[in-house]
file structure-v6.tsv (TSV, C-alpha atoms and all ligand atoms)
chain	number	residue	atom	x	y	z
R	1	MET	CA	128.20	114.05	92.18
R	2	ASN	CA	125.20	112.32	90.65
R	3	PHE	CA	126.87	112.15	87.21
R	4	LEU	CA	130.12	110.88	88.75
R	5	SER	CA	128.19	108.23	90.69
R	6	TRP	CA	126.72	106.88	87.41
R	7	VAL	CA	130.17	106.92	85.77
R	8	ILE	CA	131.48	104.74	88.59
R	9	PHE	CA	128.35	102.61	88.96
R	10	VAL	CA	128.04	101.33	85.37
R	11	PRO	CA	131.54	99.76	84.98
R	12	LEU	CA	131.47	98.55	88.58
R	13	GLN	CA	128.14	96.80	87.99
R	14	ILE	CA	129.50	95.17	84.82
R	15	ALA	CA	132.74	94.10	86.50
R	16	LEU	CA	130.96	92.68	89.54
R	17	MET	CA	128.22	90.91	87.57
R	18	PRO	CA	129.60	87.41	88.38
R	19	LEU	CA	129.56	88.31	92.10
R	20	ALA	CA	125.97	89.57	91.74
R	21	VAL	CA	124.92	86.28	90.13
R	22	VAL	CA	126.55	84.29	92.96
R	23	GLY	CA	124.81	86.54	95.51
R	24	PHE	CA	121.46	86.09	93.82
R	25	VAL	CA	121.81	82.30	93.67
R	26	VAL	CA	122.83	82.04	97.34
R	27	VAL	CA	119.95	84.25	98.51
R	28	ALA	CA	117.39	82.44	96.33
R	29	TYR	CA	118.65	79.00	97.40
R	30	LYS	CA	118.44	79.87	101.10
R	31	GLN	CA	115.08	81.59	100.76
R	32	ILE	CA	113.42	78.72	98.94
R	33	PHE	CA	115.19	75.49	99.89
R	34	VAL	CA	116.46	76.24	103.41
R	35	SER	CA	113.02	77.69	104.30
R	36	LYS	CA	111.41	74.50	103.01
R	37	ARG	CA	113.79	72.31	105.02
R	38	LEU	CA	113.06	74.35	108.17
R	39	ASP	CA	109.30	74.35	107.49
R	40	ALA	CA	109.46	78.17	107.65
R	41	SER	CA	108.09	81.02	105.54
R	42	GLN	CA	110.05	82.03	102.43
R	43	THR	CA	107.85	85.05	101.68
R	44	GLY	CA	108.71	86.47	105.10
R	45	ILE	CA	112.36	86.36	104.03
R	46	GLU	CA	111.54	88.54	101.04
R	47	VAL	CA	110.25	91.15	103.51
R	48	LEU	CA	113.18	90.77	105.93
R	49	ASN	CA	115.62	91.22	103.03
R	50	GLY	CA	113.67	94.30	101.93
R	51	ARG	CA	113.92	95.83	105.41
R	52	TRP	CA	117.63	95.01	105.64
R	53	ILE	CA	118.15	96.79	102.31
R	54	MET	CA	116.07	99.80	103.42
R	55	HIS	CA	118.24	100.09	106.53
R	56	VAL	CA	121.52	99.78	104.63
R	57	PHE	CA	120.41	102.41	102.10
R	58	GLY	CA	119.39	104.84	104.86
R	59	MET	CA	115.65	104.71	104.13
R	60	ARG	CA	114.48	103.36	107.46
R	61	LYS	CA	116.37	102.63	110.66
R	62	ASP	CA	115.79	99.03	111.70
R	63	ILE	CA	118.63	97.55	113.75
R	64	PRO	CA	116.63	94.47	114.91
R	65	SER	CA	115.96	93.48	111.27
R	66	THR	CA	119.65	93.73	110.42
R	67	ARG	CA	120.56	91.59	113.42
R	68	LEU	CA	117.91	89.02	112.53
R	69	ALA	CA	119.02	88.92	108.88
R	70	GLU	CA	122.64	88.37	109.92
R	71	VAL	CA	121.88	85.17	111.82
R	72	THR	CA	118.79	83.68	110.20
R	73	PRO	CA	119.75	80.55	108.25
R	74	ASN	CA	117.32	81.10	105.37
R	75	THR	CA	118.83	84.31	104.04
R	76	SER	CA	122.34	85.62	103.46
R	77	VAL	CA	123.42	89.20	104.03
R	78	PHE	CA	126.65	88.36	102.15
R	79	GLY	CA	124.58	87.25	99.18
R	80	LEU	CA	122.53	90.45	99.36
R	81	SER	CA	125.70	92.55	99.65
R	82	PHE	CA	127.31	90.86	96.61
R	83	PHE	CA	124.22	91.77	94.67
R	84	LEU	CA	123.95	95.37	95.88
R	85	ILE	CA	127.55	96.63	96.23
R	86	PRO	CA	127.55	98.74	93.02
R	87	LEU	CA	124.24	100.41	93.94
R	88	TRP	CA	125.45	101.04	97.47
R	89	VAL	CA	128.69	102.63	96.24
R	90	LYS	CA	126.61	104.82	93.91
R	91	TYR	CA	124.34	105.79	96.82
R	92	LYS	CA	127.33	106.68	99.01
R	93	ILE	CA	128.88	108.88	96.31
R	94	SER	CA	125.73	110.73	95.27
R	95	GLY	CA	123.80	110.64	98.54
R	96	THR	CA	120.65	109.84	96.56
R	97	LEU	CA	118.79	106.59	95.85
R	98	ALA	CA	118.53	105.17	92.33
R	99	LEU	CA	116.96	102.07	90.75
R	100	TYR	CA	116.43	100.17	94.04
R	101	PRO	CA	115.32	100.83	96.69
R	102	LEU	CA	113.48	104.01	95.81
R	103	VAL	CA	111.40	106.30	97.97
R	104	PRO	CA	107.92	105.47	96.66
R	105	GLN	CA	106.00	108.12	94.76
R	106	LYS	CA	102.56	108.07	96.34
R	107	GLY	CA	100.05	106.66	93.85
R	108	SER	CA	102.54	105.59	91.20
R	109	GLU	CA	104.27	102.80	93.12
R	110	THR	CA	105.59	99.97	90.95
R	111	LEU	CA	105.82	96.31	91.95
R	112	LEU	CA	109.48	96.93	92.76
R	113	ASP	CA	108.36	99.46	95.39
R	114	LEU	CA	106.06	96.98	97.09
R	115	VAL	CA	108.05	96.17	100.24
R	116	PRO	CA	109.52	99.67	100.84
R	117	ALA	CA	106.20	101.41	100.15
R	118	ARG	CA	104.12	99.03	102.25
R	119	THR	CA	106.61	99.19	105.12
R	120	LEU	CA	106.76	103.00	105.15
R	121	TYR	CA	102.98	103.48	104.87
R	122	ILE	CA	102.34	100.97	107.64
R	123	ASP	CA	104.98	102.70	109.82
R	124	GLN	CA	103.12	105.96	109.27
R	125	ILE	CA	99.80	104.50	110.48
R	126	LEU	CA	101.38	102.59	113.38
R	127	ASN	CA	103.33	105.61	114.62
R	128	ARG	CA	100.12	107.62	114.76
R	129	ALA	CA	97.94	104.89	116.25
R	130	ALA	CA	100.32	103.19	118.69
R	131	PRO	CA	100.51	105.79	121.49
R	132	ASP	CA	96.82	105.23	122.16
R	133	MET	CA	97.04	101.42	122.34
R	134	GLU	CA	97.73	98.97	125.14
R	135	GLN	CA	98.36	95.78	123.17
R	136	PHE	CA	100.05	95.01	119.86
R	137	VAL	CA	99.10	91.84	117.99
R	138	LEU	CA	101.10	90.82	114.92
R	139	MET	CA	99.12	88.31	112.86
R	140	GLY	CA	101.41	86.37	110.54
R	141	ALA	CA	104.39	88.11	112.17
R	142	GLY	CA	107.02	86.25	110.16
R	143	TYR	CA	110.44	87.80	110.79
R	144	ASP	CA	108.98	91.28	111.43
R	145	SER	CA	110.96	93.38	113.92
R	146	ARG	CA	108.17	95.79	114.82
R	147	ALA	CA	107.51	94.27	118.24
R	148	TYR	CA	111.12	95.24	119.03
R	149	LEU	CA	110.87	98.70	117.46
R	150	TYR	CA	107.56	99.90	118.92
R	151	SER	CA	107.18	98.11	122.23
R	152	GLU	CA	109.81	100.10	124.12
R	153	LYS	CA	108.57	103.36	122.69
R	154	HIS	CA	104.94	102.72	123.48
R	155	ARG	CA	105.12	100.06	126.25
R	156	MET	CA	102.57	97.79	124.64
R	157	LYS	CA	102.06	94.15	125.51
R	158	CYS	CA	102.96	92.26	122.33
R	159	PHE	CA	101.72	89.03	120.76
R	160	GLU	CA	103.15	87.41	117.64
R	161	LEU	CA	101.13	84.80	115.76
R	162	ASP	CA	102.39	82.62	112.92
R	163	ARG	CA	102.63	79.02	111.82
R	164	ALA	CA	104.65	76.85	114.22
R	165	GLY	CA	107.68	76.27	111.95
R	166	THR	CA	108.18	79.95	111.12
R	167	GLN	CA	107.67	80.97	114.72
R	168	GLN	CA	110.17	78.42	116.03
R	169	LEU	CA	112.77	79.75	113.59
R	170	LYS	CA	111.97	83.34	114.64
R	171	THR	CA	112.39	82.65	118.36
R	172	ASP	CA	115.63	80.69	117.78
R	173	THR	CA	116.92	83.55	115.62
R	174	LEU	CA	115.96	86.22	118.16
R	175	THR	CA	117.93	84.34	120.80
R	176	LYS	CA	120.92	83.95	118.48
R	177	ALA	CA	120.79	87.66	117.64
R	178	GLY	CA	120.64	88.59	121.34
R	179	ILE	CA	117.34	90.47	120.93
R	180	ASP	CA	115.24	90.69	124.08
R	181	SER	CA	111.78	89.27	123.38
R	182	SER	CA	110.61	88.90	126.98
R	183	HIS	CA	107.71	91.33	126.37
R	184	VAL	CA	106.38	89.22	123.50
R	185	THR	CA	104.04	86.22	123.74
R	186	PHE	CA	104.49	83.83	120.82
R	187	ILE	CA	101.42	81.92	119.68
R	188	PRO	CA	101.76	79.21	117.04
R	189	VAL	CA	98.61	79.12	114.93
R	190	ASP	CA	97.43	78.31	111.44
R	191	PHE	CA	94.73	80.86	110.58
R	192	GLU	CA	93.14	78.50	108.05
R	193	CYS	CA	92.28	75.77	110.52
R	194	GLU	CA	92.54	77.23	114.04
R	195	ASN	CA	90.79	80.05	115.89
R	196	ALA	CA	93.43	82.74	116.33
R	197	PHE	CA	91.32	84.80	118.74
R	198	ASP	CA	90.62	81.85	121.07
R	199	LYS	CA	94.35	81.20	121.14
R	200	LEU	CA	95.05	84.89	121.79
R	201	SER	CA	92.64	84.90	124.75
R	202	GLU	CA	94.16	81.73	126.19
R	203	ALA	CA	97.60	83.36	125.92
R	204	GLY	CA	96.63	86.44	127.94
R	205	TRP	CA	95.34	88.91	125.35
R	206	GLU	CA	92.76	91.13	127.06
R	207	PRO	CA	89.79	91.87	124.77
R	208	ASN	CA	88.70	94.84	126.89
R	209	ARG	CA	91.98	96.69	126.28
R	210	LYS	CA	92.56	98.69	123.10
R	211	THR	CA	94.56	96.65	120.64
R	212	LEU	CA	96.59	97.51	117.57
R	213	PHE	CA	96.43	94.56	115.17
R	214	LEU	CA	98.87	94.29	112.30
R	215	MET	CA	98.37	91.86	109.43
R	216	GLU	CA	101.09	92.80	106.94
R	217	GLY	CA	101.68	90.78	103.80
R	218	VAL	CA	99.34	88.03	104.96
R	219	THR	CA	95.80	88.34	103.51
R	220	LEU	CA	96.98	87.32	100.04
R	221	TYR	CA	97.95	83.84	101.32
R	222	LEU	CA	94.57	83.21	102.98
R	223	GLU	CA	91.14	82.15	101.77
R	224	GLU	CA	88.58	84.99	101.64
R	225	GLU	CA	86.58	83.35	104.44
R	226	THR	CA	89.65	83.35	106.70
R	227	VAL	CA	90.24	87.06	106.08
R	228	ARG	CA	86.55	87.71	106.81
R	229	THR	CA	86.73	85.60	109.99
R	230	THR	CA	89.59	87.80	111.22
R	231	LEU	CA	87.71	91.02	110.44
R	232	ARG	CA	84.61	89.64	112.16
R	233	ALA	CA	86.63	88.68	115.24
R	234	VAL	CA	88.00	92.23	115.48
R	235	THR	CA	84.42	93.56	115.25
R	236	GLU	CA	83.03	91.15	117.83
R	237	ARG	CA	85.90	90.67	120.25
R	238	ALA	CA	88.23	93.69	120.24
R	239	ALA	CA	87.70	96.71	122.53
R	240	PRO	CA	86.16	99.83	120.95
R	241	GLY	CA	88.92	102.07	119.57
R	242	SER	CA	91.04	99.11	118.47
R	243	THR	CA	92.67	99.31	115.04
R	244	LEU	CA	93.62	96.74	112.44
R	245	VAL	CA	96.28	97.64	109.87
R	246	LEU	CA	96.42	95.34	106.87
R	247	ASP	CA	97.23	95.16	103.19
R	248	ILE	CA	95.00	93.64	100.53
R	249	TYR	CA	95.94	92.94	96.92
R	250	ALA	CA	94.13	93.29	93.63
R	251	GLU	CA	92.88	90.14	91.89
R	252	LYS	CA	95.13	91.05	88.94
R	253	PHE	CA	98.14	90.80	91.29
R	254	ILE	CA	97.03	87.49	92.77
R	255	LYS	CA	96.29	85.95	89.38
R	256	LEU	CA	99.50	86.80	88.05
R	257	VAL	CA	102.57	88.57	89.07
R	258	GLY	CA	103.74	88.36	85.35
R	259	ARG	CA	101.58	85.95	83.41
R	260	ARG	CA	104.36	84.02	81.72
R	261	ALA	CA	106.09	83.34	84.99
R	262	GLN	CA	102.80	82.49	86.67
R	263	ARG	CA	103.28	78.72	86.81
R	264	LEU	CA	106.81	78.98	88.20
R	265	VAL	CA	105.82	81.59	90.79
R	266	GLU	CA	102.81	79.50	91.84
R	267	TYR	CA	104.94	76.38	92.11
R	268	LEU	CA	107.63	78.09	94.20
R	269	LEU	CA	105.10	79.65	96.57
R	270	GLU	CA	103.12	76.41	97.01
R	271	TYR	CA	106.47	74.72	97.76
R	272	THR	CA	106.40	76.37	101.21
R	273	ASN	CA	102.60	76.34	101.44
R	274	GLU	CA	102.32	80.05	100.59
R	275	GLY	CA	100.23	80.03	97.43
R	276	LEU	CA	98.40	83.24	96.53
R	277	ARG	CA	94.65	83.09	97.28
R	278	PHE	CA	92.70	86.21	98.23
R	279	GLY	CA	92.37	89.44	96.28
R	280	LEU	CA	89.74	92.11	95.60
R	281	PRO	CA	88.59	93.35	92.16
R	282	LEU	CA	90.30	96.74	92.40
R	283	GLU	CA	90.27	97.47	88.66
R	284	LYS	CA	87.33	99.89	88.87
R	285	ASP	CA	85.89	102.03	91.63
R	286	PHE	CA	88.55	100.63	93.97
R	287	GLU	CA	87.77	102.90	96.91
R	288	ARG	CA	84.15	101.71	96.93
R	289	VAL	CA	85.15	98.04	96.49
R	290	LEU	CA	87.47	98.22	99.51
R	291	ALA	CA	84.99	100.16	101.64
R	292	ASP	CA	82.19	97.67	100.81
R	293	PHE	CA	84.40	94.77	101.80
R	294	ILE	CA	85.43	96.30	105.13
R	295	GLU	CA	81.94	97.63	105.94
R	296	SER	CA	80.38	94.24	105.18
R	297	GLU	CA	82.08	93.05	108.40
R	298	ASP	CA	80.84	96.06	110.40
R	299	LEU	CA	84.17	97.88	110.42
R	300	ARG	CA	85.10	101.21	108.85
R	301	LEU	CA	88.08	102.51	106.94
R	302	GLY	CA	90.59	104.98	108.30
R	303	GLU	CA	93.64	106.04	106.28
R	304	THR	CA	94.35	104.18	103.03
R	305	PHE	CA	97.27	104.04	100.60
R	306	PHE	CA	96.38	102.53	97.21
R	307	LEU	CA	99.59	101.21	95.67
R	308	GLY	CA	99.84	102.21	92.00
R	309	ARG	CA	96.45	103.97	92.09
R	310	THR	CA	97.28	106.10	89.04
R	311	HIS	CA	97.83	103.02	86.86
R	312	LYS	CA	95.22	102.63	84.12
R	313	THR	CA	94.22	99.16	85.32
R	314	GLY	CA	93.85	100.36	88.89
R	315	PRO	CA	96.02	99.84	91.98
R	316	TYR	CA	97.74	96.50	92.59
R	317	GLY	CA	97.10	96.67	96.32
R	318	VAL	CA	96.20	98.80	99.29
R	319	VAL	CA	97.48	99.43	102.79
R	320	ALA	CA	94.48	100.18	104.99
R	321	GLU	CA	93.73	101.26	108.51
R	322	VAL	CA	90.56	99.53	109.68
R	323	LEU	CA	88.65	100.87	112.68
R	324	THR	CA	86.05	99.42	114.98
R	325	GLN	CA	82.66	101.22	114.81
R	401	LIG	C1	105.04	87.81	103.50
R	401	LIG	S1	105.19	87.15	105.10
R	401	LIG	C2	104.93	88.62	106.06
R	401	LIG	C3	105.53	88.50	107.42
R	401	LIG	C4	105.42	89.73	108.30
R	401	LIG	N1	104.05	90.12	108.50
R	401	LIG	C5	106.24	90.88	107.78
R	401	LIG	O1	105.66	91.86	107.28
R	401	LIG	O2	107.46	90.81	107.88
R	401	LIG	C6	103.67	86.23	105.33
R	401	LIG	C7	103.57	85.61	106.71
R	401	LIG	O3	102.24	85.07	106.86
R	401	LIG	C8	102.33	83.82	107.49
R	401	LIG	N2	101.16	82.99	107.13
R	401	LIG	C9	100.73	82.69	105.89
R	401	LIG	N3	99.66	81.87	105.96
R	401	LIG	C10	99.42	81.67	107.28
R	401	LIG	C11	98.45	80.91	108.00
R	401	LIG	N4	97.52	80.19	107.37
R	401	LIG	N5	98.50	80.93	109.34
R	401	LIG	C12	99.45	81.65	110.00
R	401	LIG	N6	100.40	82.39	109.37
R	401	LIG	C13	100.38	82.40	108.02
R	401	LIG	C14	103.63	83.23	106.93
R	401	LIG	O4	104.11	82.17	107.75
R	401	LIG	C15	104.53	84.45	106.91
R	401	LIG	O5	105.22	84.63	108.11

call {"tool": "encode", "arguments": {"input": "structure-v6.tsv", "output": "structure tokens", "more": "lines below"}}
Ligand SMILES: C[S@@+](CC[C@H](N)C(=O)[O-])C[C@H]1O[C@@H](n2cnc3c(N)ncnc32)[C@H](O)[C@@H]1O
result
Amino acid sequence: MNFLSWVIFVPLQIALMPLAVVGFVVVAYKQIFVSKRLDASQTGIEVLNGRWIMHVFGMRKDIPSTRLAEVTPNTSVFGLSFFLIPLWVKYKISGTLALYPLVPQKGSETLLDLVPARTLYIDQILNRAAPDMEQFVLMGAGYDSRAYLYSEKHRMKCFELDRAGTQQLKTDTLTKAGIDSSHVTFIPVDFECENAFDKLSEAGWEPNRKTLFLMEGVTLYLEEETVRTTLRAVTERAAPGSTLVLDIYAEKFIKLVGRRAQRLVEYLLEYTNEGLRFGLPLEKDFERVLADFIESEDLRLGETFFLGRTHKTGPYGVVAEVLTQ
């Protein structure tokens, strides 16, 4: 079946190339220009698209993400479908994944694996940690569906924080998609210039109750001091036993995601105020570098997943569970 699936895939991909180009252009246009017009995150769309694809290819069940993707104005599931039809047909014939998305190989993840790998590793930590928690705080929630995946299962009180424009689009989209968000408190905040924890307290977050914090795909857009301020606030203000799950990227990733394209990538990200800022020098002794960073704010590391750790220049990022002392 696998051989047959390739025999069908190759000519189909060639024949449908014009459709794929149209799909790509539509998705890119909406992600960049419609996001800009709506003053909303474009990088969050990258993640939402990734989760939609993971669902469609049977890697991870996520109905709320598919419903959000269908109605959000800054992406296009038709565009994504045009692009992915040949791969999907191949997947249906062979029953196995090929090219994209792929089940990540732990330690040898490529940049293409970034969203699937990060999502699955974070799921793993959250599934283990959540039953013990009373509150769930998503910092830089973007279009994440986790508050609608975990809350029912674990009955946690949920808070979503993000910049005002992105959050407004999220709440409008949730309503349009018919997703119940009555258990979620939405808090507009810019981490760079406002105190997220003061805002959380004002909105009903209870510091004395164990909290699961999630900061996924966010630290790289912040200044180092802002990341440190967040870690410090968890140390000083969260109840013992609380957990922060976050991802941090290597300086080599921040400085260039493909040197030649660096200027264009930087320009496009700054276009929606999402330039890359913070990274750690993970080239050598990366476990120590990460531990030193976390411990310098009086926290300790739990489970970690270094993405691409077997690469000769070191991992390009890490998903980490961070625990209060
Ligand atoms: C790549 S998206 C990730 C979204 C979400 N965590 C997920 O995994 O689907 C980055 C998110 O961080 C938010 N963000 C970036 N800088 C921020 C800031 N200074 N204050 C608040 N949110 C910020 C963006 O608006 C966006 O929603």

call {"tool": "atom_distance", "arguments": {"input": "structure-v6.tsv", "atom1": "atom O3 of ligand LIG 401 (chain R)", "atom2": "atom CA of R:Val189"}}
result
10.7 Å

call {"tool": "residues_near_ligand", "arguments": {"input": "structure-v6.tsv", "ligand": "ligand LIG 401 (chain R)", "cutoff": "8 Å", "atoms": "all atoms listed in the file", "output": "PDB file with C-alpha atoms, in the coordinates of the input"}}
result
ATOM      1  CA  ALA R  40     109.460  78.170 107.650  1.00  0.00           C
ATOM      2  CA  SER R  41     108.090  81.020 105.540  1.00  0.00           C
ATOM      3  CA  GLN R  42     110.050  82.030 102.430  1.00  0.00           C
ATOM      4  CA  THR R  43     107.850  85.050 101.680  1.00  0.00           C
ATOM      5  CA  GLY R  44     108.710  86.470 105.100  1.00  0.00           C
ATOM      6  CA  ILE R  45     112.360  86.360 104.030  1.00  0.00           C
ATOM      7  CA  GLU R  46     111.540  88.540 101.040  1.00  0.00           C
ATOM      8  CA  VAL R  47     110.250  91.150 103.510  1.00  0.00           C
ATOM      9  CA  LEU R  48     113.180  90.770 105.930  1.00  0.00           C
ATOM     10  CA  THR R 119     106.610  99.190 105.120  1.00  0.00           C
ATOM     11  CA  LEU R 138     101.100  90.820 114.920  1.00  0.00           C
ATOM     12  CA  MET R 139      99.120  88.310 112.860  1.00  0.00           C
ATOM     13  CA  GLY R 140     101.410  86.370 110.540  1.00  0.00           C
ATOM     14  CA  ALA R 141     104.390  88.110 112.170  1.00  0.00           C
ATOM     15  CA  GLY R 142     107.020  86.250 110.160  1.00  0.00           C
ATOM     16  CA  TYR R 143     110.440  87.800 110.790  1.00  0.00           C
ATOM     17  CA  ASP R 144     108.980  91.280 111.430  1.00  0.00           C
ATOM     18  CA  SER R 145     110.960  93.380 113.920  1.00  0.00           C
ATOM     19  CA  LEU R 161     101.130  84.800 115.760  1.00  0.00           C
ATOM     20  CA  ASP R 162     102.390  82.620 112.920  1.00  0.00           C
ATOM     21  CA  ARG R 163     102.630  79.020 111.820  1.00  0.00           C
ATOM     22  CA  THR R 166     108.180  79.950 111.120  1.00  0.00           C
ATOM     23  CA  GLN R 167     107.670  80.970 114.720  1.00  0.00           C
ATOM     24  CA  PRO R 188     101.760  79.210 117.040  1.00  0.00           C
ATOM     25  CA  VAL R 189      98.610  79.120 114.930  1.00  0.00           C
ATOM     26  CA  ASP R 190      97.430  78.310 111.440  1.00  0.00           C
ATOM     27  CA  PHE R 191      94.730  80.860 110.580  1.00  0.00           C
ATOM     28  CA  GLU R 192      93.140  78.500 108.050  1.00  0.00           C
ATOM     29  CA  CYS R 193      92.280  75.770 110.520  1.00  0.00           C
ATOM     30  CA  LEU R 214      98.870  94.290 112.300  1.00  0.00           C
ATOM     31  CA  MET R 215      98.370  91.860 109.430  1.00  0.00           C
ATOM     32  CA  GLU R 216     101.090  92.800 106.940  1.00  0.00           C
ATOM     33  CA  GLY R 217     101.680  90.780 103.800  1.00  0.00           C
ATOM     34  CA  VAL R 218      99.340  88.030 104.960  1.00  0.00           C
ATOM     35  CA  THR R 219      95.800  88.340 103.510  1.00  0.00           C
ATOM     36  CA  TYR R 221      97.950  83.840 101.320  1.00  0.00           C
ATOM     37  CA  LEU R 222      94.570  83.210 102.980  1.00  0.00           C
ATOM     38  CA  ASN R 273     102.600  76.340 101.440  1.00  0.00           C
ATOM     39  CA  GLU R 274     102.320  80.050 100.590  1.00  0.00           C
TER      40      GLU R 274
END

call {"tool": "closest_atom_pairs", "arguments": {"input": "structure-v6.tsv", "of": "stretch 23-118 of chain R", "to": "stretch 232-249 of chain R", "cutoff": "12 Å", "atoms": "all atoms listed in the file", "output": "tab-separated table"}}
result
residue	atom	partner	partner_atom	distance
R:Leu111	CA	R:Tyr249	CA	11.6
R:Leu114	CA	R:Asp247	CA	10.9
R:Val115	CA	R:Asp247	CA	11.3
R:Ala117	CA	R:Asp247	CA	11.3
R:Arg118	CA	R:Asp247	CA	8.0

call {"tool": "write_last_selection", "arguments": {"input": "structure-v6.tsv", "atoms": "C-alpha atoms", "output": "mmCIF file, in the frame of the given file"}}
result
data_model
loop_
_atom_site.group_PDB
_atom_site.id
_atom_site.type_symbol
_atom_site.label_atom_id
_atom_site.label_comp_id
_atom_site.auth_asym_id
_atom_site.auth_seq_id
_atom_site.Cartn_x
_atom_site.Cartn_y
_atom_site.Cartn_z
ATOM 1 C CA LEU R 111 105.820 96.310 91.950
ATOM 2 C CA LEU R 114 106.060 96.980 97.090
ATOM 3 C CA VAL R 115 108.050 96.170 100.240
ATOM 4 C CA ALA R 117 106.200 101.410 100.150
ATOM 5 C CA ARG R 118 104.120 99.030 102.250
#

call {"tool": "closest_residue", "arguments": {"input": "structure-v6.tsv", "among": "R:Ala15, R:Leu299, R:Met1, R:Val56", "to": "R:Ser94", "atoms": "all atoms listed in the file"}}
result
R:Met1

call {"tool": "atom_distance", "arguments": {"input": "structure-v6.tsv", "atom1": "atom CA of R:Val10", "atom2": "atom CA of R:Ser81"}}
result
16.9 Å

call {"tool": "closest_residue", "arguments": {"input": "structure-v6.tsv", "among": "R:Ala20, R:Leu12, R:Ala98, R:Val34", "to": "R:Asn74", "atoms": "all atoms listed in the file"}}
result
R:Val34

call {"tool": "closest_residue", "arguments": {"input": "structure-v6.tsv", "among": "R:Leu282, R:Thr211, R:Tyr148, R:Gly23", "to": "R:Asp132", "atoms": "all atoms listed in the file"}}
result
R:Thr211

call {"tool": "residues_near_point", "arguments": {"input": "structure-v6.tsv", "point": "(87.5, 97.2, 95.2)", "cutoff": "12 Å", "atoms": "only C-alpha atoms", "output": "list in words"}}
result
Ile248, Tyr249, Ala250, Glu251, Lys252, Gly279, Leu280, Pro281, Leu282, Glu283, Lys284, Asp285, Phe286, Glu287, Arg288, Val289, Leu290, Ala291, Asp292, Phe293, Ile294, Phe306, Arg309, Gly314, Pro315, Tyr316, Gly317 and Val318 of chain R

call {"tool": "closest_residue", "arguments": {"input": "structure-v6.tsv", "among": "R:Val89, R:Leu120, R:Val71, R:Ile254", "to": "R:Leu169", "atoms": "all atoms listed in the file"}}
result
R:Val71

call {"tool": "residues_near_point", "arguments": {"input": "structure-v6.tsv", "point": "(97.9, 89.8, 121.6)", "cutoff": "8 Å", "atoms": "all atoms listed in the file", "output": "MDAnalysis selection string"}}
result
chainID R and resid 135:138 157:160 185 200:201 203:206 211

call {"tool": "axis_aligned_box", "arguments": {"input": "structure-v6.tsv", "around": "stretch 12-22 of chain R", "padding_each_side": "4 Å", "output": "lines of an AutoDock Vina configuration file"}}
result
center_x = 128.8
center_y = 91.4
center_z = 88.9
size_x = 15.8
size_y = 22.3
size_z = 16.1

call {"tool": "atom_distance", "arguments": {"input": "structure-v6.tsv", "atom1": "atom CA of R:Ser182", "atom2": "atom CA of R:Glu134"}}
result
16.5 Å

call {"tool": "residues_around", "arguments": {"input": "structure-v6.tsv", "residues": "R:Pro101", "least_positions_apart": "6", "cutoff": "10 Å", "atoms": "all atoms listed in the file", "output": "list in words"}}
result
Gly50, Ile53, Met54, Phe57, Gly58, Met59, Leu87, Leu112, Asp113, Val115, Pro116 and Ala117 of chain R

call {"tool": "decode", "arguments": {"input": "structure-v6.tsv", "residues": "stretch 107-118 of chain R", "atoms": "N, CA and C atoms", "output": "compact mmCIF listing (two decimals), in the first residue's frame"}}
result
# COMPACT_ATOMS: atom_id res chain seq x y z
N GLY R 107 14.57 13.90 19.84
CA GLY R 107 15.99 14.24 19.78
C GLY R 107 16.46 14.64 18.40
N SER R 108 15.79 14.11 17.35
CA SER R 108 16.25 14.51 16.01
C SER R 108 15.16 15.29 15.27
N GLU R 109 14.39 16.07 16.01
CA GLU R 109 13.35 16.89 15.40
C GLU R 109 13.97 17.93 14.47
N THR R 110 13.34 18.12 13.31
CA THR R 110 13.79 19.17 12.39
C THR R 110 12.91 20.40 12.61
N LEU R 111 13.26 21.50 11.92
CA LEU R 111 12.44 22.70 12.06
C LEU R 111 11.01 22.47 11.58
N LEU R 112 10.87 21.55 10.61
CA LEU R 112 9.54 21.24 10.08
C LEU R 112 8.67 20.57 11.16
N ASP R 113 9.33 19.92 12.10
CA ASP R 113 8.59 19.22 13.17
C ASP R 113 8.20 20.15 14.31
N LEU R 114 8.62 21.41 14.22
CA LEU R 114 8.49 22.28 15.40
C LEU R 114 7.09 22.29 16.03
N VAL R 115 6.06 22.64 15.24
CA VAL R 115 4.73 22.75 15.84
C VAL R 115 4.20 21.39 16.30
N PRO R 116 4.25 20.33 15.45
CA PRO R 116 3.76 19.04 15.95
C PRO R 116 4.52 18.55 17.19
N ALA R 117 5.85 18.66 17.16
CA ALA R 117 6.63 18.14 18.29
C ALA R 117 6.31 18.92 19.57
N ARG R 118 6.36 20.23 19.45
CA ARG R 118 6.09 21.07 20.63
C ARG R 118 4.71 20.79 21.19
